Structures are given as C-alpha cells and as structure tokens.
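Text of the file protein-v1.txt, holding compact mmCIF, N, CA and C atoms:
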```txt
# COMPACT_ATOMS: atom_id res chain seq x y z
N MET A 1 0.84 -1.19 0.00
CA MET A 1 0.00 0.00 0.00
C MET A 1 0.89 1.25 0.00
N GLN A 2 0.51 2.21 -0.83
CA GLN A 2 1.28 3.45 -0.89
C GLN A 2 0.99 4.31 0.34
N GLU A 3 2.04 4.87 0.88
CA GLU A 3 1.89 5.68 2.08
C GLU A 3 1.24 7.02 1.76
N LEU A 4 0.40 7.46 2.67
CA LEU A 4 -0.24 8.78 2.55
C LEU A 4 0.66 9.84 3.15
N GLU A 5 0.43 11.07 2.73
CA GLU A 5 1.13 12.20 3.32
C GLU A 5 0.13 12.97 4.17
N ALA A 6 0.44 13.13 5.46
CA ALA A 6 -0.42 13.92 6.35
C ALA A 6 0.01 15.37 6.27
N ILE A 7 -0.96 16.25 6.06
CA ILE A 7 -0.70 17.68 5.93
C ILE A 7 -1.61 18.41 6.91
N PHE A 8 -1.05 19.42 7.57
CA PHE A 8 -1.87 20.25 8.45
C PHE A 8 -2.62 21.27 7.60
N TYR A 9 -3.93 21.34 7.79
CA TYR A 9 -4.74 22.37 7.14
C TYR A 9 -4.25 23.73 7.64
N ASP A 10 -4.09 24.66 6.71
CA ASP A 10 -3.73 26.01 7.14
C ASP A 10 -4.84 26.97 6.74
N LYS A 11 -5.28 27.74 7.73
CA LYS A 11 -6.32 28.73 7.51
C LYS A 11 -5.76 29.85 6.63
N PRO A 12 -6.65 30.65 6.04
CA PRO A 12 -6.16 31.76 5.21
C PRO A 12 -5.17 32.69 5.94
N ASP A 13 -5.28 32.76 7.26
CA ASP A 13 -4.35 33.62 8.01
C ASP A 13 -3.03 32.92 8.34
N GLY A 14 -2.89 31.66 7.86
CA GLY A 14 -1.63 30.94 8.03
C GLY A 14 -1.58 30.06 9.27
N THR A 15 -2.54 30.17 10.17
CA THR A 15 -2.53 29.33 11.37
C THR A 15 -2.95 27.90 10.99
N GLN A 16 -2.50 26.95 11.78
CA GLN A 16 -2.79 25.54 11.54
C GLN A 16 -3.45 24.97 12.80
N PRO A 17 -4.79 24.95 12.84
CA PRO A 17 -5.51 24.54 14.06
C PRO A 17 -5.09 23.18 14.61
N ALA A 18 -4.93 22.17 13.75
CA ALA A 18 -4.57 20.84 14.25
C ALA A 18 -3.15 20.84 14.82
N LYS A 19 -2.24 21.52 14.16
CA LYS A 19 -0.86 21.59 14.63
C LYS A 19 -0.79 22.35 15.96
N ASP A 20 -1.53 23.47 16.04
CA ASP A 20 -1.57 24.24 17.29
C ASP A 20 -2.11 23.39 18.43
N PHE A 21 -3.15 22.60 18.12
CA PHE A 21 -3.72 21.71 19.12
C PHE A 21 -2.69 20.69 19.59
N LEU A 22 -2.01 20.04 18.64
CA LEU A 22 -1.00 19.04 19.01
C LEU A 22 0.10 19.65 19.87
N ASN A 23 0.52 20.85 19.51
CA ASN A 23 1.58 21.52 20.27
C ASN A 23 1.14 21.89 21.68
N SER A 24 -0.17 21.97 21.90
CA SER A 24 -0.69 22.33 23.23
C SER A 24 -0.78 21.12 24.17
N LEU A 25 -0.63 19.93 23.62
CA LEU A 25 -0.78 18.71 24.42
C LEU A 25 0.48 18.43 25.23
N ASP A 26 0.31 17.63 26.30
CA ASP A 26 1.50 17.25 27.07
C ASP A 26 2.33 16.27 26.23
N ILE A 27 3.56 16.08 26.62
CA ILE A 27 4.53 15.35 25.81
C ILE A 27 4.11 13.90 25.52
N LYS A 28 3.50 13.23 26.49
CA LYS A 28 3.06 11.84 26.27
C LYS A 28 1.96 11.79 25.22
N MET A 29 0.99 12.71 25.32
CA MET A 29 -0.11 12.72 24.36
C MET A 29 0.40 13.13 22.98
N GLN A 30 1.34 14.07 22.93
CA GLN A 30 1.94 14.45 21.64
C GLN A 30 2.57 13.23 20.97
N ALA A 31 3.32 12.47 21.75
CA ALA A 31 4.00 11.28 21.21
C ALA A 31 2.98 10.26 20.71
N LYS A 32 1.93 10.04 21.51
CA LYS A 32 0.90 9.08 21.13
C LYS A 32 0.19 9.52 19.85
N MET A 33 -0.13 10.82 19.77
CA MET A 33 -0.83 11.32 18.59
C MET A 33 0.09 11.28 17.36
N ALA A 34 1.37 11.57 17.55
CA ALA A 34 2.33 11.51 16.43
C ALA A 34 2.41 10.08 15.90
N ARG A 35 2.43 9.11 16.81
CA ARG A 35 2.46 7.71 16.40
C ARG A 35 1.17 7.33 15.67
N THR A 36 0.05 7.84 16.14
CA THR A 36 -1.24 7.54 15.51
C THR A 36 -1.30 8.16 14.11
N ILE A 37 -0.76 9.36 13.95
CA ILE A 37 -0.71 10.00 12.63
C ILE A 37 0.15 9.15 11.69
N GLN A 38 1.25 8.61 12.21
CA GLN A 38 2.11 7.75 11.39
C GLN A 38 1.36 6.48 10.96
N ILE A 39 0.59 5.92 11.88
CA ILE A 39 -0.22 4.73 11.56
C ILE A 39 -1.23 5.09 10.45
N LEU A 40 -1.82 6.27 10.54
CA LEU A 40 -2.75 6.73 9.51
C LEU A 40 -2.03 6.85 8.17
N GLN A 41 -0.84 7.42 8.17
CA GLN A 41 -0.08 7.57 6.92
C GLN A 41 0.26 6.20 6.33
N ASP A 42 0.57 5.25 7.20
CA ASP A 42 0.94 3.91 6.73
C ASP A 42 -0.26 3.12 6.20
N ASN A 43 -1.44 3.31 6.80
CA ASN A 43 -2.61 2.49 6.48
C ASN A 43 -3.66 3.18 5.63
N GLY A 44 -3.63 4.50 5.61
CA GLY A 44 -4.55 5.26 4.76
C GLY A 44 -6.01 4.98 5.04
N THR A 45 -6.76 4.83 3.95
CA THR A 45 -8.21 4.66 4.08
C THR A 45 -8.60 3.33 4.72
N ALA A 46 -7.64 2.42 4.87
CA ALA A 46 -7.93 1.13 5.49
C ALA A 46 -7.92 1.20 7.02
N LEU A 47 -7.47 2.32 7.58
CA LEU A 47 -7.37 2.43 9.04
C LEU A 47 -8.76 2.49 9.67
N ARG A 48 -8.96 1.71 10.72
CA ARG A 48 -10.26 1.63 11.40
C ARG A 48 -10.07 1.79 12.91
N GLU A 49 -11.17 1.58 13.63
CA GLU A 49 -11.10 1.64 15.09
C GLU A 49 -10.11 0.59 15.59
N PRO A 50 -9.40 0.86 16.64
CA PRO A 50 -9.57 1.96 17.60
C PRO A 50 -8.85 3.25 17.21
N TYR A 51 -8.12 3.25 16.09
CA TYR A 51 -7.34 4.44 15.73
C TYR A 51 -8.15 5.52 15.04
N SER A 52 -9.09 5.10 14.22
CA SER A 52 -9.80 6.04 13.36
C SER A 52 -11.26 5.65 13.25
N LYS A 53 -12.09 6.67 13.06
CA LYS A 53 -13.52 6.41 12.91
C LYS A 53 -14.12 7.45 11.98
N LEU A 54 -14.95 6.99 11.03
CA LEU A 54 -15.70 7.91 10.18
C LEU A 54 -16.79 8.53 11.03
N LEU A 55 -16.84 9.87 11.06
CA LEU A 55 -17.88 10.55 11.81
C LEU A 55 -19.09 10.79 10.91
N GLU A 56 -18.91 11.62 9.89
CA GLU A 56 -19.98 11.87 8.93
C GLU A 56 -19.43 12.65 7.76
N ASP A 57 -20.04 12.48 6.61
CA ASP A 57 -19.75 13.32 5.45
C ASP A 57 -18.26 13.37 5.10
N GLY A 58 -17.58 12.24 5.22
CA GLY A 58 -16.17 12.20 4.84
C GLY A 58 -15.21 12.79 5.87
N ILE A 59 -15.73 13.15 7.04
CA ILE A 59 -14.87 13.65 8.13
C ILE A 59 -14.59 12.48 9.08
N PHE A 60 -13.32 12.26 9.36
CA PHE A 60 -12.89 11.17 10.24
C PHE A 60 -12.25 11.74 11.49
N GLU A 61 -12.21 10.92 12.55
CA GLU A 61 -11.46 11.34 13.74
C GLU A 61 -10.34 10.35 13.98
N LEU A 62 -9.19 10.89 14.33
CA LEU A 62 -8.02 10.12 14.71
C LEU A 62 -8.01 10.12 16.24
N ARG A 63 -7.82 8.95 16.84
CA ARG A 63 -8.01 8.81 18.28
C ARG A 63 -6.71 8.46 18.99
N ALA A 64 -6.51 9.13 20.11
CA ALA A 64 -5.35 8.80 20.96
C ALA A 64 -5.79 8.91 22.42
N LYS A 65 -5.26 8.01 23.24
CA LYS A 65 -5.62 8.00 24.65
C LYS A 65 -4.37 7.73 25.48
N VAL A 66 -4.20 8.56 26.51
CA VAL A 66 -3.12 8.36 27.47
C VAL A 66 -3.77 8.43 28.84
N GLY A 67 -3.77 7.30 29.55
CA GLY A 67 -4.47 7.25 30.83
C GLY A 67 -5.95 7.51 30.61
N SER A 68 -6.48 8.51 31.31
CA SER A 68 -7.90 8.83 31.13
C SER A 68 -8.08 10.01 30.18
N ASP A 69 -6.99 10.54 29.64
CA ASP A 69 -7.08 11.66 28.69
C ASP A 69 -7.28 11.13 27.28
N ILE A 70 -8.23 11.72 26.59
CA ILE A 70 -8.55 11.30 25.24
C ILE A 70 -8.46 12.51 24.32
N SER A 71 -7.66 12.36 23.27
CA SER A 71 -7.54 13.43 22.28
C SER A 71 -8.05 12.95 20.94
N ARG A 72 -8.56 13.90 20.16
CA ARG A 72 -9.03 13.60 18.82
C ARG A 72 -8.49 14.65 17.86
N VAL A 73 -8.12 14.21 16.67
CA VAL A 73 -7.79 15.12 15.58
C VAL A 73 -8.68 14.73 14.41
N LEU A 74 -9.39 15.71 13.86
CA LEU A 74 -10.29 15.43 12.74
C LEU A 74 -9.53 15.61 11.43
N TYR A 75 -9.94 14.83 10.42
CA TYR A 75 -9.24 14.88 9.14
C TYR A 75 -10.14 14.42 8.01
N PHE A 76 -9.67 14.67 6.79
CA PHE A 76 -10.35 14.14 5.60
C PHE A 76 -9.29 13.76 4.58
N PHE A 77 -9.68 12.93 3.63
CA PHE A 77 -8.77 12.49 2.58
C PHE A 77 -8.88 13.42 1.38
N PHE A 78 -7.75 13.64 0.71
CA PHE A 78 -7.71 14.52 -0.45
C PHE A 78 -6.97 13.78 -1.57
N VAL A 79 -7.36 14.04 -2.81
CA VAL A 79 -6.74 13.35 -3.95
C VAL A 79 -5.22 13.49 -3.91
N GLY A 80 -4.56 12.50 -4.48
CA GLY A 80 -3.11 12.53 -4.51
C GLY A 80 -2.48 11.96 -3.26
N LYS A 81 -3.17 11.00 -2.61
CA LYS A 81 -2.61 10.32 -1.44
C LYS A 81 -2.29 11.28 -0.30
N LYS A 82 -3.22 12.18 -0.03
CA LYS A 82 -3.02 13.13 1.06
C LYS A 82 -4.15 13.01 2.08
N VAL A 83 -3.78 13.24 3.32
CA VAL A 83 -4.78 13.32 4.38
C VAL A 83 -4.57 14.69 5.02
N ILE A 84 -5.67 15.43 5.17
CA ILE A 84 -5.59 16.79 5.69
C ILE A 84 -6.11 16.78 7.13
N LEU A 85 -5.22 17.14 8.07
CA LEU A 85 -5.57 17.21 9.49
C LEU A 85 -6.13 18.60 9.76
N THR A 86 -7.38 18.68 10.19
CA THR A 86 -8.04 19.98 10.28
C THR A 86 -8.00 20.61 11.67
N ASN A 87 -8.47 19.91 12.67
CA ASN A 87 -8.57 20.48 14.01
C ASN A 87 -8.58 19.37 15.04
N GLY A 88 -8.32 19.73 16.28
CA GLY A 88 -8.28 18.74 17.34
C GLY A 88 -8.94 19.25 18.60
N PHE A 89 -9.21 18.34 19.50
CA PHE A 89 -9.83 18.70 20.77
C PHE A 89 -9.62 17.58 21.77
N ILE A 90 -9.77 17.94 23.04
CA ILE A 90 -9.75 16.97 24.13
C ILE A 90 -11.18 16.46 24.29
N LYS A 91 -11.33 15.16 24.26
CA LYS A 91 -12.67 14.58 24.34
C LYS A 91 -13.12 14.50 25.80
N LYS A 92 -14.29 15.08 26.06
CA LYS A 92 -14.81 15.11 27.43
C LYS A 92 -16.15 14.39 27.56
N SER A 93 -16.77 14.05 26.42
CA SER A 93 -18.08 13.39 26.48
C SER A 93 -18.07 12.21 25.51
N GLN A 94 -19.12 11.41 25.57
CA GLN A 94 -19.21 10.23 24.72
C GLN A 94 -19.23 10.59 23.24
N LYS A 95 -20.04 11.59 22.90
CA LYS A 95 -20.20 11.95 21.50
C LYS A 95 -19.23 13.06 21.11
N THR A 96 -18.74 12.98 19.87
CA THR A 96 -17.89 14.04 19.34
C THR A 96 -18.73 15.30 19.20
N PRO A 97 -18.27 16.42 19.75
CA PRO A 97 -19.06 17.67 19.67
C PRO A 97 -19.37 18.05 18.22
N LYS A 98 -20.63 18.36 17.98
CA LYS A 98 -21.09 18.75 16.64
C LYS A 98 -20.29 19.94 16.12
N ALA A 99 -19.98 20.87 17.03
CA ALA A 99 -19.24 22.08 16.62
C ALA A 99 -17.87 21.72 16.04
N GLU A 100 -17.23 20.69 16.57
CA GLU A 100 -15.92 20.27 16.06
C GLU A 100 -16.04 19.67 14.66
N ILE A 101 -17.10 18.88 14.45
CA ILE A 101 -17.34 18.30 13.12
C ILE A 101 -17.65 19.41 12.12
N GLU A 102 -18.49 20.37 12.53
CA GLU A 102 -18.83 21.50 11.66
C GLU A 102 -17.58 22.31 11.32
N ARG A 103 -16.70 22.50 12.30
CA ARG A 103 -15.46 23.24 12.08
C ARG A 103 -14.61 22.50 11.04
N ALA A 104 -14.47 21.19 11.20
CA ALA A 104 -13.68 20.39 10.24
C ALA A 104 -14.30 20.47 8.84
N ARG A 105 -15.61 20.42 8.77
CA ARG A 105 -16.29 20.50 7.48
C ARG A 105 -16.05 21.86 6.82
N GLY A 106 -16.12 22.91 7.63
CA GLY A 106 -15.86 24.27 7.11
C GLY A 106 -14.43 24.41 6.61
N TYR A 107 -13.48 23.86 7.36
CA TYR A 107 -12.08 23.90 6.93
C TYR A 107 -11.90 23.13 5.63
N ARG A 108 -12.55 21.99 5.54
CA ARG A 108 -12.44 21.19 4.31
C ARG A 108 -12.99 21.96 3.12
N ASP A 109 -14.19 22.56 3.29
CA ASP A 109 -14.80 23.32 2.19
C ASP A 109 -13.89 24.46 1.75
N GLU A 110 -13.32 25.16 2.72
CA GLU A 110 -12.43 26.28 2.41
C GLU A 110 -11.18 25.76 1.69
N PHE A 111 -10.62 24.66 2.16
CA PHE A 111 -9.44 24.04 1.56
C PHE A 111 -9.72 23.66 0.10
N LEU A 112 -10.85 23.00 -0.15
CA LEU A 112 -11.19 22.54 -1.49
C LEU A 112 -11.44 23.73 -2.42
N ASN A 113 -12.11 24.76 -1.92
CA ASN A 113 -12.37 25.96 -2.73
C ASN A 113 -11.05 26.61 -3.12
N ARG A 114 -10.11 26.65 -2.20
CA ARG A 114 -8.80 27.25 -2.47
C ARG A 114 -8.07 26.45 -3.54
N LYS A 115 -8.14 25.10 -3.43
CA LYS A 115 -7.46 24.25 -4.42
C LYS A 115 -8.06 24.42 -5.82
N GLU A 116 -9.39 24.55 -5.87
CA GLU A 116 -10.08 24.68 -7.16
C GLU A 116 -9.78 26.01 -7.83
N SER A 117 -9.57 27.06 -7.03
CA SER A 117 -9.38 28.39 -7.60
C SER A 117 -7.94 28.63 -8.06
N LYS A 118 -7.07 27.65 -7.83
CA LYS A 118 -5.66 27.82 -8.26
C LYS A 118 -5.51 27.51 -9.73
```
What would you get if you wrote out this structure as structure tokens?
Amino acid sequence: MQELEAIFYDKPDGTQPAKDFLNSLDIKMQAKMARTIQILQDNGTALREPYSKLLEDGIFELRAKVGSDISRVLYFFFVGKKVILTNGFIKKSQKTPKAEIERARGYRDEFLNRKESK
C-alpha cells in the first residue's frame, strides 16, 4: 500500500488549528498522537477503530488516549494520497461535539475551494 502524506490544514491567516492543538498537548499525548498520525499515513483509508472512525460526510477522527485523557484530531482524505488534518480537541463526552465536526467540514470546504481556484 502506498503511504499517505499527512498535511496540516492552514487557515487563510496561516494558522494551523490541528498543529496548534497538538503543540498544546503534554509530551506523552503528543507522542501518542504523532504515532497515531504515522499509523494513519501507513494504512490510509484502510485504518479503522480503535485508531480512526468515520464521523460523517467524509470527516474522520483520529483517536489517541493516554491514561484517562482522550484526544481527537479530525481529518479528511484529499486526492493525490493526502490526508488533511483539520482540528483537534480533548474529548470530554461520549459523542464528538457537533461544533468540532462542523469546524472540520468548514475547513475542508475552504481548503477545497482554495485548491479549485488555483
């Protein structure tokens, strides 16, 4: 299987929400999430639970857990063997917050519009 390239989504102002989120995590969670991103790159669309889960509308969540702390990074697949990491959050409830999914969807739409207009 060909390896995917994970790319951080960058907003028009140049900030990268998923990267900023990862940098805010403690060192153990950063390491766990980095390893999980590598697993995603190695396995691509074949990656399933417990590492990855389709949420809705082509938005997936990447899952990492250290002790009782649970982190998620949302992403989508893009043509050319790329996976775009959009945003992340600390999971505090059973269900993924709708606002986080909507944010990822908005980032994806903006990303795709930017690619089309080039």
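Distances from A:Glu116, A:Glu49, A:Glu3, A:Asp109 to Gly80 (chain A) were compared using only C-alpha atoms, and the smallest one belongs to A:Glu3.
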Item to check | Which of chain A DSSP labels helix (DSSP H, G or I), written as an MDAnalysis selection string | outcome: chainID A and resid 17:24 27:46 98:116
With N, CA and C atoms kept, could you save the residues just selected as a tab-separated table (two decimals), keeping the file's coordinate frame?
```
chain	number	residue	atom	x	y	z
A	17	PRO	N	-4.79	24.95	12.84
A	17	PRO	CA	-5.51	24.54	14.06
A	17	PRO	C	-5.09	23.18	14.61
A	18	ALA	N	-4.93	22.17	13.75
A	18	ALA	CA	-4.57	20.84	14.25
A	18	ALA	C	-3.15	20.84	14.82
A	19	LYS	N	-2.24	21.52	14.16
A	19	LYS	CA	-0.86	21.59	14.63
A	19	LYS	C	-0.79	22.35	15.96
A	20	ASP	N	-1.53	23.47	16.04
A	20	ASP	CA	-1.57	24.24	17.29
A	20	ASP	C	-2.11	23.39	18.43
A	21	PHE	N	-3.15	22.60	18.12
A	21	PHE	CA	-3.72	21.71	19.12
A	21	PHE	C	-2.69	20.69	19.59
A	22	LEU	N	-2.01	20.04	18.64
A	22	LEU	CA	-1.00	19.04	19.01
A	22	LEU	C	0.10	19.65	19.87
A	23	ASN	N	0.52	20.85	19.51
A	23	ASN	CA	1.58	21.52	20.27
A	23	ASN	C	1.14	21.89	21.68
A	24	SER	N	-0.17	21.97	21.90
A	24	SER	CA	-0.69	22.33	23.23
A	24	SER	C	-0.78	21.12	24.17
A	27	ILE	N	3.56	16.08	26.62
A	27	ILE	CA	4.53	15.35	25.81
A	27	ILE	C	4.11	13.90	25.52
A	28	LYS	N	3.50	13.23	26.49
A	28	LYS	CA	3.06	11.84	26.27
A	28	LYS	C	1.96	11.79	25.22
A	29	MET	N	0.99	12.71	25.32
A	29	MET	CA	-0.11	12.72	24.36
A	29	MET	C	0.40	13.13	22.98
A	30	GLN	N	1.34	14.07	22.93
A	30	GLN	CA	1.94	14.45	21.64
A	30	GLN	C	2.57	13.23	20.97
A	31	ALA	N	3.32	12.47	21.75
A	31	ALA	CA	4.00	11.28	21.21
A	31	ALA	C	2.98	10.26	20.71
A	32	LYS	N	1.93	10.04	21.51
A	32	LYS	CA	0.90	9.08	21.13
A	32	LYS	C	0.19	9.52	19.85
A	33	MET	N	-0.13	10.82	19.77
A	33	MET	CA	-0.83	11.32	18.59
A	33	MET	C	0.09	11.28	17.36
A	34	ALA	N	1.37	11.57	17.55
A	34	ALA	CA	2.33	11.51	16.43
A	34	ALA	C	2.41	10.08	15.90
A	35	ARG	N	2.43	9.11	16.81
A	35	ARG	CA	2.46	7.71	16.40
A	35	ARG	C	1.17	7.33	15.67
A	36	THR	N	0.05	7.84	16.14
A	36	THR	CA	-1.24	7.54	15.51
A	36	THR	C	-1.30	8.16	14.11
A	37	ILE	N	-0.76	9.36	13.95
A	37	ILE	CA	-0.71	10.00	12.63
A	37	ILE	C	0.15	9.15	11.69
A	38	GLN	N	1.25	8.61	12.21
A	38	GLN	CA	2.11	7.75	11.39
A	38	GLN	C	1.36	6.48	10.96
A	39	ILE	N	0.59	5.92	11.88
A	39	ILE	CA	-0.22	4.73	11.56
A	39	ILE	C	-1.23	5.09	10.45
A	40	LEU	N	-1.82	6.27	10.54
A	40	LEU	CA	-2.75	6.73	9.51
A	40	LEU	C	-2.03	6.85	8.17
A	41	GLN	N	-0.84	7.42	8.17
A	41	GLN	CA	-0.08	7.57	6.92
A	41	GLN	C	0.26	6.20	6.33
A	42	ASP	N	0.57	5.25	7.20
A	42	ASP	CA	0.94	3.91	6.73
A	42	ASP	C	-0.26	3.12	6.20
A	43	ASN	N	-1.44	3.31	6.80
A	43	ASN	CA	-2.61	2.49	6.48
A	43	ASN	C	-3.66	3.18	5.63
A	44	GLY	N	-3.63	4.50	5.61
A	44	GLY	CA	-4.55	5.26	4.76
A	44	GLY	C	-6.01	4.98	5.04
A	45	THR	N	-6.76	4.83	3.95
A	45	THR	CA	-8.21	4.66	4.08
A	45	THR	C	-8.60	3.33	4.72
A	46	ALA	N	-7.64	2.42	4.87
A	46	ALA	CA	-7.93	1.13	5.49
A	46	ALA	C	-7.92	1.20	7.02
A	98	LYS	N	-20.63	18.36	17.98
A	98	LYS	CA	-21.09	18.75	16.64
A	98	LYS	C	-20.29	19.94	16.12
A	99	ALA	N	-19.98	20.87	17.03
A	99	ALA	CA	-19.24	22.08	16.62
A	99	ALA	C	-17.87	21.72	16.04
A	100	GLU	N	-17.23	20.69	16.57
A	100	GLU	CA	-15.92	20.27	16.06
A	100	GLU	C	-16.04	19.67	14.66
A	101	ILE	N	-17.10	18.88	14.45
A	101	ILE	CA	-17.34	18.30	13.12
A	101	ILE	C	-17.65	19.41	12.12
A	102	GLU	N	-18.49	20.37	12.53
A	102	GLU	CA	-18.83	21.50	11.66
A	102	GLU	C	-17.58	22.31	11.32
A	103	ARG	N	-16.70	22.50	12.30
A	103	ARG	CA	-15.46	23.24	12.08
A	103	ARG	C	-14.61	22.50	11.04
A	104	ALA	N	-14.47	21.19	11.20
A	104	ALA	CA	-13.68	20.39	10.24
A	104	ALA	C	-14.30	20.47	8.84
A	105	ARG	N	-15.61	20.42	8.77
A	105	ARG	CA	-16.29	20.50	7.48
A	105	ARG	C	-16.05	21.86	6.82
A	106	GLY	N	-16.12	22.91	7.63
A	106	GLY	CA	-15.86	24.27	7.11
A	106	GLY	C	-14.43	24.41	6.61
A	107	TYR	N	-13.48	23.86	7.36
A	107	TYR	CA	-12.08	23.90	6.93
A	107	TYR	C	-11.90	23.13	5.63
A	108	ARG	N	-12.55	21.99	5.54
A	108	ARG	CA	-12.44	21.19	4.31
A	108	ARG	C	-12.99	21.96	3.12
A	109	ASP	N	-14.19	22.56	3.29
A	109	ASP	CA	-14.80	23.32	2.19
A	109	ASP	C	-13.89	24.46	1.75
A	110	GLU	N	-13.32	25.16	2.72
A	110	GLU	CA	-12.43	26.28	2.41
A	110	GLU	C	-11.18	25.76	1.69
A	111	PHE	N	-10.62	24.66	2.16
A	111	PHE	CA	-9.44	24.04	1.56
A	111	PHE	C	-9.72	23.66	0.10
A	112	LEU	N	-10.85	23.00	-0.15
A	112	LEU	CA	-11.19	22.54	-1.49
A	112	LEU	C	-11.44	23.73	-2.42
A	113	ASN	N	-12.11	24.76	-1.92
A	113	ASN	CA	-12.37	25.96	-2.73
A	113	ASN	C	-11.05	26.61	-3.12
A	114	ARG	N	-10.11	26.65	-2.20
A	114	ARG	CA	-8.80	27.25	-2.47
A	114	ARG	C	-8.07	26.45	-3.54
A	115	LYS	N	-8.14	25.10	-3.43
A	115	LYS	CA	-7.46	24.25	-4.42
A	115	LYS	C	-8.06	24.42	-5.82
A	116	GLU	N	-9.39	24.55	-5.87
A	116	GLU	CA	-10.08	24.68	-7.16
A	116	GLU	C	-9.78	26.01	-7.83
```
Checklist entry - So what do you get for atom C of Asp42 (chain A) versus atom N of Leu4 (chain A), distance-wise? => result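 Atom N of Leu4 (chain A) lies at a distance of 5.6 Å from atom C of Asp42 (chain A).
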Item to check | Point-to-point distance in Å for CA of Ser52 (chain A) and CA of Phe111 (chain A) | outcome: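 About the pair CA of Phe111 (chain A) and CA of Ser52 (chain A): they are 21.5 Å apart.
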Checklist entry - So which residues touch region 59-66 of chain A within 6.5 Å, counting all atoms listed in the file, skipping near sequence neighbours fewer than 3 positions away, as a list of chain:residue names? => result A:Met29, A:Lys32, A:Met33, A:Pro50, A:Tyr51, A:Ser52, A:Lys53, A:Leu54, A:Leu55, A:Glu56, A:Asp69, A:Ile70, A:Ser71, A:Arg72, A:Val73, A:Leu74, A:Tyr75, A:Phe76
Next on the checklist: Which polymer residues, whether protein, DNA or RNA, lie within 6 Å of the coordinate (-1.3, 23.3, 11.2) when you count only N, CA and C atoms? List them as number ranges by chain, using the chain letters and numbers from the file.
Outcome noted: A: 8-10, 15-20
Expected file contents, prior selection, N, CA and C atoms, as a PDB file, in the coordinates of the input:
```pdb
ATOM      1  N   PHE A   8      -1.050  19.420   7.570  1.00  0.00           N
ATOM      2  CA  PHE A   8      -1.870  20.250   8.450  1.00  0.00           C
ATOM      3  C   PHE A   8      -2.620  21.270   7.600  1.00  0.00           C
ATOM      4  N   TYR A   9      -3.930  21.340   7.790  1.00  0.00           N
ATOM      5  CA  TYR A   9      -4.740  22.370   7.140  1.00  0.00           C
ATOM      6  C   TYR A   9      -4.250  23.730   7.640  1.00  0.00           C
ATOM      7  N   ASP A  10      -4.090  24.660   6.710  1.00  0.00           N
ATOM      8  CA  ASP A  10      -3.730  26.010   7.140  1.00  0.00           C
ATOM      9  C   ASP A  10      -4.840  26.970   6.740  1.00  0.00           C
ATOM     10  N   THR A  15      -2.540  30.170  10.170  1.00  0.00           N
ATOM     11  CA  THR A  15      -2.530  29.330  11.370  1.00  0.00           C
ATOM     12  C   THR A  15      -2.950  27.900  10.990  1.00  0.00           C
ATOM     13  N   GLN A  16      -2.500  26.950  11.780  1.00  0.00           N
ATOM     14  CA  GLN A  16      -2.790  25.540  11.540  1.00  0.00           C
ATOM     15  C   GLN A  16      -3.450  24.970  12.800  1.00  0.00           C
ATOM     16  N   PRO A  17      -4.790  24.950  12.840  1.00  0.00           N
ATOM     17  CA  PRO A  17      -5.510  24.540  14.060  1.00  0.00           C
ATOM     18  C   PRO A  17      -5.090  23.180  14.610  1.00  0.00           C
ATOM     19  N   ALA A  18      -4.930  22.170  13.750  1.00  0.00           N
ATOM     20  CA  ALA A  18      -4.570  20.840  14.250  1.00  0.00           C
ATOM     21  C   ALA A  18      -3.150  20.840  14.820  1.00  0.00           C
ATOM     22  N   LYS A  19      -2.240  21.520  14.160  1.00  0.00           N
ATOM     23  CA  LYS A  19      -0.860  21.590  14.630  1.00  0.00           C
ATOM     24  C   LYS A  19      -0.790  22.350  15.960  1.00  0.00           C
ATOM     25  N   ASP A  20      -1.530  23.470  16.040  1.00  0.00           N
ATOM     26  CA  ASP A  20      -1.570  24.240  17.290  1.00  0.00           C
ATOM     27  C   ASP A  20      -2.110  23.390  18.430  1.00  0.00           C
TER      28      ASP A  20
END
```
Size and centre in Å, one decimal, axis-aligned box, all listed region 74-83 of chain A atoms plus 6 Å per side, as JSON:
```
{"center_x": -6.3, "center_y": 13.0, "center_z": 4.7, "size_x": 20.1, "size_y": 17.4, "size_z": 30.4}
```
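The interatomic distance for the pair atom C of Ile84 (chain A) and atom N of Ile7 (chain A) works out to 5.3 Å.
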Next on the checklist: Taking only region 22-118 of chain A into account, list the residues labelled strand (DSSP E) by DSSP (computed from the backbone), as a PyMOL selection string.
Outcome noted: chain A and resi 52-56+59-66+69-78+82-90
Item to check | From A:Ile39, A:Ala104, A:Ala31, A:Ser117, residue lying nearest Leu85 (chain A) [only N, CA and C atoms] | outcome: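 With only N, CA and C atoms as the atom set, the closest residue is A:Ala104.
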Checklist entry - Which residue, A:Ser68, A:Lys95, A:Gly58, A:Glu5, has the smallest gap to Gly44 (chain A) when you use only N, CA and C atoms? => result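 Answer, going by the shortest atom-to-atom distance: A:Glu5.
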